[in-house]
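Read the structure below first, then the notes.
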Amino acid sequence: MKYIKYQQEAIKELVSKTLTLLSYHNNRQILVFKSPTGSGKTVMAAEMLRQLNNELSENPSAPTNEVAYIWIAPNKLHEQSYFKMKNAFTETRDLQPVIYDELDHSIDGYIQPGQILFVNWESINKDNAVMVRDTELSASLYDLTRRTQEEHNIPIIVIIDEEHMFGSRNAKKSEKVLSHIQPKIEIRISATPLPETMTKAKETVIIAREKVIAEEMIKESVVLNPALEFNDPLGSLNQHLINLALQKREELAAAYKAIGVNINPLLLIQLPNDGESMNAEDNSVKDEVINYLNIIKGISTENNKLAIWLSNEKTDNLNTIANPDDVTEVLLFKQAIALGWDCPRAAVLLIFRKIESFTFSAQTVGRILRMPEQKFYQDDRLNRGYVYTNLSKDIIEIVRDDMDYLSALRAVRRENLNNISLWSEYNERTSAERNRLGSDFKRHLLNTFMDHWLVSTRITSLFTAAQLDGMDEEECDEEEVQSQAFKNRQAVQDKINFNVRSISIELVEDLEISGEIGRSRIDHKAKYVRTMQELDTTFMAFCSKMLGSAFEKVSIKTLAVALKEVMEDLFETFETDAVKIILYHANRPKFEDIIQRALLRYSRVLAERQRTFKAKGFVSYQWEIPADRFYKEDTHSIKEGVQDHALMPYIQLNNSSSPELEFTAYLEAHQEYIDWWYKNGDAGKQHYAISYTNIEGEQSLFYVDFIIRMRNGQVFLFDTKSVESDRNAVNKHNALIDYIHNDKNKDKNLKGGVIIQMGENWKYSPMKIENTKDITNWDSFYPNEY
């Protein structure tokens, strides 16, 4: 599983809240998992179930030791999830995905602990459905769930995928099915969960869309009907929209090719009417689309550039259409792919709707949200989805909760602009931030033992810690190793008792209690010797406690193995003896101290490694004023009266800072001396940035506010500030001065830095600075001097 921070946080929260709900007395406890389309809901749910199952089996204090699962999904989405998880759990065998036919249907049959039964919603929501009907030959689903919970005392957790599909006209059927099953917990998953479900939920886990975008899993925004032009209409409105959508697909294909990425973007075309059956209007639009694509564009099923996915017609190239470089350019469909279909190269969507209709499905739009390589590109056009539709803009209604980031404001680079080329940087994301114990942890643990317990024997030791760690049995003399192990034991004999044969607990025996308040003398105790299986469980719980929340759960096994191997390397203890020695009540605090020291040492190594990888992740490229730029309509607006901006119309952030607004007005007031100016973005690899070291000592990115080209060719890079308004202002300014004087920029004719308003003047320093308070001697920016 790729390490993605929001996914790891959500999985941890899901496991914790599920454990809480398992401890409650009543059944039908609801947990809602709300996560945007494209965020990896199925991946997170699968990993959550795996971690939950491990927690239940390894943690003695868990509410139960075992659980069975039922995964319910609409349409054929359950098959997709079944095959994904069957593949995922083939090696680990933590869980066992099954379908109904693979269960034991005998009179004694039930759902086994750790089994995930995948069920199609349509196969159980009718009274006469085979799975819920009693027969002489086979137990029904309800028989199996009753036996599982009542006869075998195994709680059932039901996972309801795409939960929003189980409401409205399906609500009564859904309630009937779940009331028959009576699961302990219902985990309801959706990007847009039903309001009534949110009201009934005991617990919720919600992933914000911004976090998914920040991890570059889904596109920054979706642009609706970009650059519609009807000055030269091409045939019917439908044909015109097809042409525009194809042009956008070809533009994106050229953009991928220009950056050397082998991805062939896909255009999706949806027929007008809801539902899967075709009517006269659907067939009319279908014929028009197919004829136009074939005759005008040379795109057909014969050359595999067109694929069709309809209830009564499916082309063979659907099998390979999800491949990044597949030759298919257009997919014609109805509702079938609106749910669960995963094709990350899908980039453009054309939706035909009935004339009287004013809505379209957010689930359908979700098909073009995924980033094909799970990362953003420097060419911002590739970080957006594009939707064309024949609906009137002022009556469009979309599920707001799922599509609240639709973008509709577009600015275009002015014709014949004297563009410039500047070195810019962005940070390519890495997985180095993962907090887990690696295979090298054993070496740090062993060295910690040596430093704190065996310092007296280290000088005379026959082998160093590194040699002991990597030595094969054939490479060393057994007597020498045993001799060193004896010395090591002698060195710690005042700390550690190695003569532990068993771990036992004493239980009160034969004690009569009168029921009255007072003390009772305990005369008899029974000694219970823990089995090796119980000790292993306790040992894993001990390792989990030592790691706490600082490291991922996967590190528990790494720590356990490292401890056993180090005990063997240093003291020649067998694995079973090592567990007893470590858990022995008098030894345990000493081992806790050593482990804590080793984990602290390793945390420092991880932190340094993360800093190094982050520094390596900075990529340099040539940046220019973009051909166009899209802005979010809910946070930006068109600013009238601005004429000199590089992109027109000028689109301004609604809550722009006062210095930015004042400086914008200053630039417009001197446009006779200014060729153009550009207001830069403040995040993302498509915007202009330079790296600098912030006050925490970390390498970061500085997005300069304004790029200005004067009529004489002079270029200014200014970042507007108020006095002492930014803790990092000095670091940013000085990094920009170094950048301006770098040899690779010697022919760029650059000036600039932090710029601060002082009365009617705008002051900046052409030299490095120590603060932003004493600015009296800074230079003033007068456009008429250039």
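Residue numbering restarts at 1 for every chain of the structure tokens, chains are lettered A, B, ... in their displayed order, and ligands are numbered from 1 as they appear.
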I'd like the neighbourhood of range 199-209 of chain A as number ranges by chain, where a residue qualifies if any of its atoms comes within 6 Å (using only C-alpha atoms), though same-chain residues fewer than 5 positions away should be ignored. A: 30-36
Please return as a PyMOL selection string: the residues of range 165-375 of chain A that backbone DSSP assigns to helix (DSSP H, G or I). chain A and resi 165-166+168-181+195-200+209-214+237-258+280-295+316-319+336-338+362-368
Separation of CA of Asn680 in chain A from CA of Gly753 in chain A in Å: 14.5 Å
Residues at most 9 Å from Met85 in chain A, counting only C-alpha atoms, excluding those fewer than 5 positions away in the same chain, as a list in words?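 After dropping sequence-adjacent residues, the list is Thr42, Val43, Ala46, Gln80, Thr90, Leu95, Gln96 and Pro97 of chain A.
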How would the residues just picked look written out with N, CA and C atoms as a short mmCIF file (atom, residue, chain, number, x, y, z; two decimals), in the first residue's frame?
data_model
loop_
_atom_site.label_atom_id
_atom_site.label_comp_id
_atom_site.auth_asym_id
_atom_site.auth_seq_id
_atom_site.Cartn_x
_atom_site.Cartn_y
_atom_site.Cartn_z
N THR A 42 -11.76 1.94 -1.25
CA THR A 42 -11.67 0.48 -1.16
C THR A 42 -10.32 0.06 -0.58
N VAL A 43 -9.26 0.71 -1.00
CA VAL A 43 -7.92 0.40 -0.48
C VAL A 43 -7.87 0.65 1.02
N ALA A 46 -9.97 -1.99 2.93
CA ALA A 46 -9.29 -3.29 2.98
C ALA A 46 -8.19 -3.29 4.02
N GLN A 80 -15.72 -6.38 -8.27
CA GLN A 80 -14.48 -5.61 -8.40
C GLN A 80 -13.73 -5.58 -7.07
N THR A 90 -3.76 -12.58 -0.90
CA THR A 90 -3.24 -13.87 -1.33
C THR A 90 -1.98 -14.24 -0.57
N LEU A 95 -6.93 -12.09 5.90
CA LEU A 95 -8.37 -12.22 5.75
C LEU A 95 -8.68 -13.11 4.56
N GLN A 96 -9.89 -13.65 4.51
CA GLN A 96 -10.26 -14.56 3.43
C GLN A 96 -11.49 -14.04 2.70
N PRO A 97 -11.31 -13.34 1.57
CA PRO A 97 -12.46 -12.91 0.78
C PRO A 97 -13.17 -14.11 0.14
#
One-decimal distance in Å that lies between CA of Leu144 in chain A and CA of Ile116 in chain A: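 Atom-to-atom, CA of Ile116 in chain A to CA of Leu144 in chain A, that is 13.2 Å.
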Counting only C-alpha atoms, closest pick from A:Ala280, A:Leu241, A:Leu271, A:Ile556 relative to Ile308 in chain A is A:Leu271
If we count only C-alpha atoms and set the cut-off at 12 Å, which residues sit around range 632-640 of chain A, ignoring sequence neighbours fewer than 5 positions away in its own chain? Please answer as a PyMOL selection string. chain A and resi 220-224+384+403-411+645+647-656+661+664-665+668
Please produce a file of the residues just selected, as a PDB file, in the first residue's frame, where the atoms kept are N, CA and C atoms.
ATOM      1  N   GLU A 220      -7.049  18.909  -9.277  1.00  0.00           N
ATOM      2  CA  GLU A 220      -7.257  20.124  -8.494  1.00  0.00           C
ATOM      3  C   GLU A 220      -8.687  20.632  -8.609  1.00  0.00           C
ATOM      4  N   SER A 221      -9.261  20.527  -9.803  1.00  0.00           N
ATOM      5  CA  SER A 221     -10.612  21.036 -10.031  1.00  0.00           C
ATOM      6  C   SER A 221     -11.158  20.465 -11.328  1.00  0.00           C
ATOM      7  N   VAL A 222     -12.427  20.714 -11.558  1.00  0.00           N
ATOM      8  CA  VAL A 222     -13.070  20.313 -12.806  1.00  0.00           C
ATOM      9  C   VAL A 222     -13.598  21.576 -13.482  1.00  0.00           C
ATOM     10  N   VAL A 223     -13.250  21.751 -14.742  1.00  0.00           N
ATOM     11  CA  VAL A 223     -13.659  22.937 -15.489  1.00  0.00           C
ATOM     12  C   VAL A 223     -14.884  22.587 -16.328  1.00  0.00           C
ATOM     13  N   LEU A 224     -15.929  23.349 -16.165  1.00  0.00           N
ATOM     14  CA  LEU A 224     -17.186  23.089 -16.865  1.00  0.00           C
ATOM     15  C   LEU A 224     -17.277  23.952 -18.118  1.00  0.00           C
ATOM     16  N   ARG A 384      -6.275  19.064 -14.196  1.00  0.00           N
ATOM     17  CA  ARG A 384      -7.697  19.401 -14.144  1.00  0.00           C
ATOM     18  C   ARG A 384      -8.509  18.436 -14.991  1.00  0.00           C
ATOM     19  N   MET A 403     -18.977  17.973  -5.426  1.00  0.00           N
ATOM     20  CA  MET A 403     -18.400  18.725  -6.533  1.00  0.00           C
ATOM     21  C   MET A 403     -18.285  20.214  -6.206  1.00  0.00           C
ATOM     22  N   ASP A 404     -17.912  20.510  -4.953  1.00  0.00           N
ATOM     23  CA  ASP A 404     -17.858  21.906  -4.542  1.00  0.00           C
ATOM     24  C   ASP A 404     -16.588  22.605  -5.002  1.00  0.00           C
ATOM     25  N   TYR A 405     -15.845  21.948  -5.884  1.00  0.00           N
ATOM     26  CA  TYR A 405     -14.629  22.599  -6.364  1.00  0.00           C
ATOM     27  C   TYR A 405     -14.665  22.757  -7.882  1.00  0.00           C
ATOM     28  N   LEU A 406     -15.863  22.774  -8.468  1.00  0.00           N
ATOM     29  CA  LEU A 406     -15.973  23.051  -9.899  1.00  0.00           C
ATOM     30  C   LEU A 406     -15.373  24.410 -10.210  1.00  0.00           C
ATOM     31  N   SER A 407     -14.591  24.476 -11.242  1.00  0.00           N
ATOM     32  CA  SER A 407     -13.939  25.721 -11.628  1.00  0.00           C
ATOM     33  C   SER A 407     -14.520  26.207 -12.949  1.00  0.00           C
ATOM     34  N   ALA A 408     -14.844  27.493 -13.026  1.00  0.00           N
ATOM     35  CA  ALA A 408     -15.440  27.998 -14.254  1.00  0.00           C
ATOM     36  C   ALA A 408     -14.808  29.303 -14.723  1.00  0.00           C
ATOM     37  N   LEU A 409     -13.912  29.898 -13.922  1.00  0.00           N
ATOM     38  CA  LEU A 409     -13.290  31.169 -14.302  1.00  0.00           C
ATOM     39  C   LEU A 409     -11.972  30.897 -15.016  1.00  0.00           C
ATOM     40  N   ARG A 410     -11.833  31.434 -16.226  1.00  0.00           N
ATOM     41  CA  ARG A 410     -10.640  31.179 -17.038  1.00  0.00           C
ATOM     42  C   ARG A 410     -10.051  32.491 -17.533  1.00  0.00           C
ATOM     43  N   ALA A 411      -8.732  32.607 -17.389  1.00  0.00           N
ATOM     44  CA  ALA A 411      -8.015  33.754 -17.937  1.00  0.00           C
ATOM     45  C   ALA A 411      -7.040  33.243 -18.986  1.00  0.00           C
ATOM     46  N   HIS A 645      -2.500  43.137 -16.842  1.00  0.00           N
ATOM     47  CA  HIS A 645      -2.120  41.812 -16.352  1.00  0.00           C
ATOM     48  C   HIS A 645      -1.790  40.902 -17.526  1.00  0.00           C
ATOM     49  N   LEU A 647      -2.448  37.783 -18.021  1.00  0.00           N
ATOM     50  CA  LEU A 647      -3.609  36.978 -18.388  1.00  0.00           C
ATOM     51  C   LEU A 647      -4.867  37.827 -18.247  1.00  0.00           C
ATOM     52  N   MET A 648      -5.764  37.733 -19.212  1.00  0.00           N
ATOM     53  CA  MET A 648      -6.998  38.517 -19.163  1.00  0.00           C
ATOM     54  C   MET A 648      -8.201  37.600 -19.332  1.00  0.00           C
ATOM     55  N   PRO A 649      -9.313  37.909 -18.632  1.00  0.00           N
ATOM     56  CA  PRO A 649      -9.466  39.004 -17.676  1.00  0.00           C
ATOM     57  C   PRO A 649      -8.655  38.744 -16.409  1.00  0.00           C
ATOM     58  N   TYR A 650      -8.448  39.797 -15.625  1.00  0.00           N
ATOM     59  CA  TYR A 650      -7.715  39.623 -14.371  1.00  0.00           C
ATOM     60  C   TYR A 650      -8.671  39.041 -13.338  1.00  0.00           C
ATOM     61  N   ILE A 651      -8.286  37.902 -12.768  1.00  0.00           N
ATOM     62  CA  ILE A 651      -9.120  37.211 -11.777  1.00  0.00           C
ATOM     63  C   ILE A 651      -8.402  37.270 -10.443  1.00  0.00           C
ATOM     64  N   GLN A 652      -9.095  37.807  -9.447  1.00  0.00           N
ATOM     65  CA  GLN A 652      -8.467  38.143  -8.169  1.00  0.00           C
ATOM     66  C   GLN A 652      -9.040  37.300  -7.042  1.00  0.00           C
ATOM     67  N   LEU A 653      -8.168  36.916  -6.112  1.00  0.00           N
ATOM     68  CA  LEU A 653      -8.608  36.210  -4.914  1.00  0.00           C
ATOM     69  C   LEU A 653      -9.486  37.137  -4.084  1.00  0.00           C
ATOM     70  N   ASN A 654     -10.621  36.640  -3.631  1.00  0.00           N
ATOM     71  CA  ASN A 654     -11.585  37.490  -2.923  1.00  0.00           C
ATOM     72  C   ASN A 654     -11.022  38.071  -1.632  1.00  0.00           C
ATOM     73  N   ASN A 655     -10.187  37.330  -0.939  1.00  0.00           N
ATOM     74  CA  ASN A 655      -9.623  37.832   0.327  1.00  0.00           C
ATOM     75  C   ASN A 655      -8.140  38.171   0.181  1.00  0.00           C
ATOM     76  N   SER A 656      -7.781  38.804  -0.922  1.00  0.00           N
ATOM     77  CA  SER A 656      -6.391  39.227  -1.133  1.00  0.00           C
ATOM     78  C   SER A 656      -5.948  40.169  -0.018  1.00  0.00           C
ATOM     79  N   LEU A 661      -3.411  44.248  -2.861  1.00  0.00           N
ATOM     80  CA  LEU A 661      -4.391  45.115  -3.522  1.00  0.00           C
ATOM     81  C   LEU A 661      -3.789  46.495  -3.817  1.00  0.00           C
ATOM     82  N   THR A 664      -1.205  46.176  -6.651  1.00  0.00           N
ATOM     83  CA  THR A 664      -1.894  45.981  -7.931  1.00  0.00           C
ATOM     84  C   THR A 664      -2.354  47.331  -8.486  1.00  0.00           C
ATOM     85  N   ALA A 665      -2.940  48.150  -7.637  1.00  0.00           N
ATOM     86  CA  ALA A 665      -3.403  49.475  -8.064  1.00  0.00           C
ATOM     87  C   ALA A 665      -2.219  50.350  -8.496  1.00  0.00           C
ATOM     88  N   GLU A 668      -1.086  49.265 -12.025  1.00  0.00           N
ATOM     89  CA  GLU A 668      -2.040  49.701 -13.058  1.00  0.00           C
ATOM     90  C   GLU A 668      -1.947  51.211 -13.297  1.00  0.00           C
TER      91      GLU A 668
END
For range 100-105 of chain A, work out the shell of residues within 8 Å, counting only C-alpha atoms and skipping chain neighbours fewer than 5 positions away, then give it as a list of chain:residue names.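 The filter keeps A:Tyr110, A:Ile111, A:Leu117, A:Phe118, A:Val119, A:Met131, A:Ser138, A:Ala139, A:Ser140, A:Leu144.
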List the spatial neighbours of Glu785 in chain A as a PyMOL selection string - criterion: any atom at most 12 Å away, only C-alpha atoms, same-chain residues fewer than 3 positions off excluded. chain A and resi 670+672-674+710-712+714+780-782
Could you save those same residues with C-alpha atoms as a short mmCIF file (atom, residue, chain, number, x, y, z; two decimals), in the first residue's frame?
data_model
loop_
_atom_site.label_atom_id
_atom_site.label_comp_id
_atom_site.auth_asym_id
_atom_site.auth_seq_id
_atom_site.Cartn_x
_atom_site.Cartn_y
_atom_site.Cartn_z
CA HIS A 670 1.95 53.14 -14.17
CA GLU A 672 2.64 53.26 -19.63
CA TYR A 673 6.05 52.09 -18.30
CA ILE A 674 5.11 48.46 -17.70
CA MET A 710 9.07 46.69 -17.90
CA ARG A 711 8.90 48.10 -21.43
CA ASN A 712 12.72 48.29 -21.53
CA GLN A 714 13.88 44.83 -17.08
CA SER A 780 12.15 52.90 -4.04
CA PHE A 781 10.46 51.25 -7.01
CA TYR A 782 9.64 53.99 -9.54
#
Between A:Ala307, A:Asn728, A:Asn383, A:Asp494, smallest distance to Glu696 in chain A by only C-alpha atoms belongs to A:Asn728
Quick one: distance from CA of Asn65 in chain A to CA of Ile154 in chain A in Å, one decimal? 8.8 Å
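Of the residues listed (A:Asp593, A:Glu151, A:Glu58, A:Glu425), A:Asp593 shows the shortest atom-to-atom separation from Leu445 in chain A; distances use only C-alpha atoms.
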Could you pull the residues within 9 Å of Glu724 in chain A, counting only C-alpha atoms, minus those fewer than 6 positions along the same chain, as a PyMOL selection string? chain A and resi 771-773
